[in-house]
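Just below is one structure, and these are the notes that go with it.
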Amino acid sequence: MPTLNDIRSTFLNYFEKQDHEVVPSSPLVPRNDPTLMFVNSGMVQFKNLFTGVEHRDYQRAATAQKCVRAGGKHNDLDNVGYTARHHTFFEMLGNFSFGDYFKSEAIPYAWELLTKEFDIPKDRLLVTVYHTDDEAAEIWKKVAGLPDDRIIRIATNDNFWMMGPTGPCGPCTEIFFDHGDKYWGGPPGTPEEDGDRFVEIWNLVFMQYQQFEDGTRTELSAQSIDTGMGIERVAALLQGTNDNYATDLMRSLIEASADVSSTYPDGPGKTHHRVIADHLRSTSFLIADGVMPSNDGRGYVLRRIMRRAMRHAHLLGAQDPMMYKLVPALVRQMGAAYPELGRAQPLIEETLRLEETRFKQTLDRGLKLLDDELGGLPEDAPLPGAAAFKLYDTYGFPLDLTQDALREKGRNVDTAGFDTAMADQKAKARAAWSGSGEAADAAIWFDLAETHGATDFLGYDTETAEGQILALIKDGAEVNSLSTGESGWVVLNQTPFYGEAGGQVGDTGWLRRLANEDDQAEVTDTHRMGGGKVFAHHVTIQGGTFGKNDAVQLEVDHRRRTSIRANHSATHLLHEALRRALGDHVVQRGSLNAPDRLRFDFSHGKALTLEELNQVEAEVNDYIRQNATVDTRIMTPDDARNIGAQALFGEKYGDEVRVVSMGKRSGSGKGGTGDTYSLELCGGTHVARTGDIGVFVTMGDSASSAGVRRIEALTGAEAFAYLSQQDHRLAETALELKAQAADVPARVRALLDERKALSNEVAQLRRELAMSGGAGQTGGAESREINGVKFMAQVLSGVSGKDLPPLIDAHKSQLGSGAVLLIADTGGKAAVAAGVTPDLTATLSAVDLVKAAVAELGGKGGGGRPDMAQGGGASAENAQSAIKAAEAVLGG
Ligand code: SER
């Protein structure tokens, strides 16, 4: 009996033999379809190949595609667990032709695979065709030899497949399996068709048309094929059952659920196990593809599924969280086919454990409230909307969880009342905002947050995606469109653009309208508004008109983002290296992660020594070369702190935090070998492996504010450019010095010493020259007596102001008793110094002499002691009158 994994391999191998490219499943969050909540069929990732917008180097493909139907139009959530074939997660096997083969090959392939590879008896198969599709009917007759009564013509949309209101579409043929008359039901097209006997197993769509918004349809330039086979249904029939939950894979999950809860798989908890098995798959795969539980959009759908499963776990009597304990069983079953599941296993387990722990805290009280409410109502009366809203608002019960709980009691909810209660609460919240003193233009962002919910951020995994414009804002007001040359803000349902936060700058890039790719807008920045929920893209329209509801291709500037990522990850390594080099008092005080550099401010009282800086730089580079993967996990802030994650001082964190870890410790010391090196709470984007940082170089440290140092550093290409520039400078210097680069520091030191010695020598010589009345002397050096005081005045050139005091001293000792005035002509300006021998300072002050001289030289002030004073003037021209002014002080 083939297992589900065998069936997947058989399918893919068969089509590989028919020259099909086996393409991996796309992620569950559609990157190329803004209108879809989750990928719900195999063709989604190929949509643009059918319409001819995109080309790849293959024209035939086969996939096993992960699909989720739990939100939006296709919503199977309510029925899951209670029926044989409803799932929130399923796998769709498909073969595709993009303008290569068409009906006459697609039908024989399907028939051969089913009847030869899977060995399904021909007489158990029957097909439907679109009522006008004679060609398909003819091919079936010829290829399969089916009689007319087993080629059923259907006139409804059941046999005309469309992916949505717009896009590629065409008639289809569906293949059914007859499970036999022990089951109730009739063939397709009969009133009993919804019974369990005839089950559709494969849909072959003949992609022929493209449908547009206005309802018109055009022929596709190339006829194509899109097929979809539900693997769970085929597994059921090949394993002799018609219940998908009895197949090997689902059964193993049900048994794991029974084991963990110590209950029987087929006992009274049967439905609970089925719900848990199904929801385990959808939640795990969604988390692996980057969706996190939240109160908006995709995250809320995930939360609804998780909580529904958790209520069923509770009904099984599980005291402690149990969903996370089932993840290993799922990874064992599906990890080989979908490696992303194994890679995300710790993240999935933690997310489930956290959600279940938190939900358990309110679940009991919520269920009690539900019972109390029902107890007070007449039998059969629906639960009032206000009560359902209270369960939602206070106890975290999504509406469908309350409905699920009531279903077991045969009751329902007044959903209109629930909607009214929800609307009332929103109105109150809005009133609270307007009263909160927020700036007027902030209101528009909160309105958008309320109307559209949070923007889905896809940028941890991708830099390109499609999105739908929800709003355009210009000059603080919403507008319907922005056209060439205009600038404004654009809000989309989802985006790969990072909105500035946590020191990381916002992304830049481009938006292109899908309807006309020549219409392009440049995204110059991205911010988070409306309490951080709404990503606002600042754009300048380069060409065309961008309107509300337009579907656009979003592309982040890859080079810039790559550099930002490297800088952000390097900042984490730098933080840890600083803590290890300087101590645990090092706490982040601010950071900037820009494309061209990083800046990190941290608490530390003094400048780093060159040695410390070198040690930190070397350690960061060691961890870059370690090339360890960078991991991300979600946990409560408390759990994060308990495992030693670095959190920002004073920062407010929500219920859940993202913890980014990188590097394995080497060597001894705190933490020890093998432990995680850097562990930080962070919402930013990071490199996949530390080696992606390339190289790290610091540009020194400086003081940022009291007790806070700042390090600026470079990584990757910028670091390399910086290092090579430094290298060139060194080579140039070596060339000038006619030395080897290695000898440059010693040569520079020697030159500086030599220079110092020479300048001392020059100063000495100048003094000697001035004293000996040599060149440079422009005034008389003879002393005269004025009022009984020997006075010597001289004008010098070629000496500087600082040469004057020693000269004054020398003259004073030559005079024995008297006063000296020296004026140096320092290239137009004048420096003045005066000296009075100690025996005269009681009656004569050098300060007075200087002041008198300075006034003549166009200066102000002058000062010092009675025995020695200095000053300066704007011009040495009046040196002689300055001397006269000094003489006047002496009474001359
Ligand atoms: N797109 C079709 C379906 O979902 C066939 O793959 O049924």
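Please note that chains go A, B, ... in the order of the structure tokens, that every chain numbers its residues from 1, and that ligands are numbered from 1 in the order shown.
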For chain A versus ligand 1, which residues have an atom no more than 6 Å away, and what is each residue's nearest atom pair and distance in Å rounded to one decimal, using only C-alpha atoms and all ligand atoms, chain-then-number order, as a tab-separated table?
residue	atom	partner	partner_atom_place_in_ligand_line	distance
A:Ser41	CA	ligand 1	4 (O)	4.6
A:Gly42	CA	ligand 1	6 (O)	5.4
A:Met43	CA	ligand 1	1 (N)	5.5
A:Asn203	CA	ligand 1	5 (C)	5.2
A:Leu204	CA	ligand 1	5 (C)	5.9
A:Val205	CA	ligand 1	5 (C)	5.7
A:Asp226	CA	ligand 1	6 (O)	5.1
A:Thr227	CA	ligand 1	6 (O)	3.9
A:Gly228	CA	ligand 1	6 (O)	3.3
For Val708 (chain A), please output as a ChimeraX atom specification all residues within 12 Å (counting only C-alpha atoms; exclusion window: fewer than 3 positions along the same chain). /A:585-590,600-608,701-705,711
Report as JSON, numbers by chain all protein, DNA and RNA residues lying within 9 Å of Gly861 (chain A), evaluated on only C-alpha atoms, omitting residues in the same chain fewer than 5 positions from it. {"A": [850, 851, 852, 854, 855, 871, 872]}
Residues flagged helix (DSSP H, G or I) by DSSP in region 17-258 of chain A, as a PDB file with C-alpha atoms, in the first residue's frame:
ATOM      1  CA  LYS A  17      10.111  11.331 -16.989  1.00  0.00           C
ATOM      2  CA  GLY A  42      -0.817  24.750  -7.540  1.00  0.00           C
ATOM      3  CA  MET A  43      -1.124  27.274 -10.349  1.00  0.00           C
ATOM      4  CA  VAL A  44      -0.740  30.414  -8.191  1.00  0.00           C
ATOM      5  CA  GLN A  45       3.029  30.535  -8.507  1.00  0.00           C
ATOM      6  CA  PHE A  46       2.694  30.172 -12.297  1.00  0.00           C
ATOM      7  CA  LYS A  47      -0.065  32.732 -12.832  1.00  0.00           C
ATOM      8  CA  ASN A  48       2.116  35.097 -14.845  1.00  0.00           C
ATOM      9  CA  LEU A  49       3.460  32.284 -17.035  1.00  0.00           C
ATOM     10  CA  PHE A  50      -0.047  31.491 -18.268  1.00  0.00           C
ATOM     11  CA  LEU A  77     -12.274  25.963   8.726  1.00  0.00           C
ATOM     12  CA  ASP A  78     -15.762  25.390  10.096  1.00  0.00           C
ATOM     13  CA  ASN A  79     -16.112  21.889   8.709  1.00  0.00           C
ATOM     14  CA  LYS A 103      -5.711  18.584 -24.072  1.00  0.00           C
ATOM     15  CA  SER A 104      -4.554  15.753 -26.309  1.00  0.00           C
ATOM     16  CA  GLU A 105      -1.501  15.141 -24.120  1.00  0.00           C
ATOM     17  CA  ALA A 106      -2.789  16.192 -20.715  1.00  0.00           C
ATOM     18  CA  ILE A 107      -5.591  13.633 -20.740  1.00  0.00           C
ATOM     19  CA  PRO A 108      -3.398  10.623 -21.719  1.00  0.00           C
ATOM     20  CA  TYR A 109      -0.817  11.608 -19.073  1.00  0.00           C
ATOM     21  CA  ALA A 110      -3.489  11.676 -16.379  1.00  0.00           C
ATOM     22  CA  TRP A 111      -4.998   8.404 -17.526  1.00  0.00           C
ATOM     23  CA  GLU A 112      -1.653   6.630 -17.685  1.00  0.00           C
ATOM     24  CA  LEU A 113      -0.601   7.848 -14.253  1.00  0.00           C
ATOM     25  CA  LEU A 114      -3.870   6.815 -12.596  1.00  0.00           C
ATOM     26  CA  THR A 115      -4.331   3.456 -14.272  1.00  0.00           C
ATOM     27  CA  LYS A 116      -0.728   2.313 -14.775  1.00  0.00           C
ATOM     28  CA  GLU A 117       1.413   3.973 -12.090  1.00  0.00           C
ATOM     29  CA  LYS A 122     -10.523   1.716 -14.979  1.00  0.00           C
ATOM     30  CA  ASP A 123     -14.081   0.813 -14.122  1.00  0.00           C
ATOM     31  CA  ARG A 124     -13.866   2.827 -10.888  1.00  0.00           C
ATOM     32  CA  ASP A 134     -16.617  18.023 -27.526  1.00  0.00           C
ATOM     33  CA  GLU A 135     -12.877  17.810 -28.068  1.00  0.00           C
ATOM     34  CA  ALA A 136     -12.158  16.743 -24.490  1.00  0.00           C
ATOM     35  CA  ALA A 137     -15.019  14.239 -24.567  1.00  0.00           C
ATOM     36  CA  GLU A 138     -13.635  12.749 -27.793  1.00  0.00           C
ATOM     37  CA  ILE A 139     -10.125  12.432 -26.322  1.00  0.00           C
ATOM     38  CA  TRP A 140     -11.483  10.671 -23.224  1.00  0.00           C
ATOM     39  CA  LYS A 141     -13.377   8.254 -25.366  1.00  0.00           C
ATOM     40  CA  LYS A 142     -10.335   7.493 -27.465  1.00  0.00           C
ATOM     41  CA  VAL A 143      -7.704   7.383 -24.733  1.00  0.00           C
ATOM     42  CA  ALA A 144      -9.639   5.767 -21.889  1.00  0.00           C
ATOM     43  CA  ASP A 148     -20.648   8.019 -22.951  1.00  0.00           C
ATOM     44  CA  ASP A 149     -22.425   7.633 -19.596  1.00  0.00           C
ATOM     45  CA  ARG A 150     -19.077   7.957 -17.800  1.00  0.00           C
ATOM     46  CA  ASN A 157     -19.045  26.737 -13.438  1.00  0.00           C
ATOM     47  CA  ASP A 158     -17.995  23.471 -11.770  1.00  0.00           C
ATOM     48  CA  ASN A 159     -16.368  22.699 -15.103  1.00  0.00           C
ATOM     49  CA  ILE A 231      -2.979  14.087  -2.599  1.00  0.00           C
ATOM     50  CA  GLU A 232      -4.983  13.240   0.526  1.00  0.00           C
ATOM     51  CA  ARG A 233      -7.929  11.976  -1.568  1.00  0.00           C
ATOM     52  CA  VAL A 234      -5.738   9.835  -3.807  1.00  0.00           C
ATOM     53  CA  ALA A 235      -3.930   8.470  -0.758  1.00  0.00           C
ATOM     54  CA  ALA A 236      -7.303   7.562   0.739  1.00  0.00           C
ATOM     55  CA  LEU A 237      -8.463   5.580  -2.274  1.00  0.00           C
ATOM     56  CA  LEU A 238      -5.105   3.877  -2.801  1.00  0.00           C
ATOM     57  CA  ASN A 244      -8.663  11.336   4.305  1.00  0.00           C
ATOM     58  CA  TYR A 245      -8.070  11.181   8.047  1.00  0.00           C
ATOM     59  CA  ALA A 246      -7.569   7.407   7.855  1.00  0.00           C
ATOM     60  CA  ASP A 248      -1.095   6.956   6.835  1.00  0.00           C
ATOM     61  CA  LEU A 249       0.086  10.539   7.275  1.00  0.00           C
ATOM     62  CA  MET A 250      -3.021  11.920   8.983  1.00  0.00           C
ATOM     63  CA  ARG A 251      -3.325   8.749  11.049  1.00  0.00           C
ATOM     64  CA  SER A 252       0.210   9.124  12.406  1.00  0.00           C
ATOM     65  CA  LEU A 253      -0.595  12.673  13.521  1.00  0.00           C
ATOM     66  CA  ILE A 254      -3.859  11.540  15.110  1.00  0.00           C
ATOM     67  CA  GLU A 255      -1.967   8.821  16.977  1.00  0.00           C
ATOM     68  CA  ALA A 256       0.629  11.332  18.138  1.00  0.00           C
ATOM     69  CA  SER A 257      -2.211  13.519  19.439  1.00  0.00           C
ATOM     70  CA  ALA A 258      -3.720  10.515  21.229  1.00  0.00           C
TER      71      ALA A 258
END
Could you give me, as a tab-separated table, every region 154-252 of chain A residue with an atom at most 12 Å from region 502-525 of chain A, plus its closest atom pair and distance in Å to one decimal, counting only C-alpha atoms, rows ordered by chain then number?
residue	atom	partner	partner_atom	distance
A:Gly167	CA	A:Ala515	CA	11.8
A:Phe212	CA	A:Ala515	CA	10.7
A:Glu213	CA	A:Ala515	CA	11.2
Show which residues sit within 12 Å of Val762 (chain A), as a ChimeraX atom specification. Count only C-alpha atoms, and ignore same-chain residues fewer than 4 positions away. /A:755-758,766-769,798-800,803
In Å to one decimal, how far is CA of Glu379 (chain A) from CA of Leu391 (chain A)?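 Answer for the CA of Leu391 (chain A) to CA of Glu379 (chain A) separation: 20.3 Å.
Between Met662 (chain A) and the residues A:His572, A:Arg641, A:Lys802, A:Arg281, the shortest atom-to-atom distance, using only C-alpha atoms, involves A:His572.
Of the listed residues (A:Phe791, A:Ala628, A:His131, A:Leu126), A:Leu126 comes nearest to Ile151 (chain A); the distances count only C-alpha atoms.
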Which one of A:Ile634, A:Met868, A:Ala386, A:Val748 sits closest to Pro806 (chain A) if you count only C-alpha atoms?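 Ranking A:Ile634, A:Met868, A:Ala386, A:Val748 by distance to Pro806 (chain A), first place goes to A:Met868.
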From a DSSP calculation on the backbone, collect every residue of region 632-736 of chain A in strand (DSSP E) and output the set as a PyMOL selection string. chain A and resi 632-635+657-664+676-681+696-705+708-715
Residues near region 399-408 of chain A, anyone? I mean within 9 Å using only C-alpha atoms, not counting same-chain ones fewer than 2 positions away, as number ranges by chain. A: 77-78, 304-305, 307-308, 311, 367, 370, 383, 388-389, 391-392, 397, 410-413, 415, 418
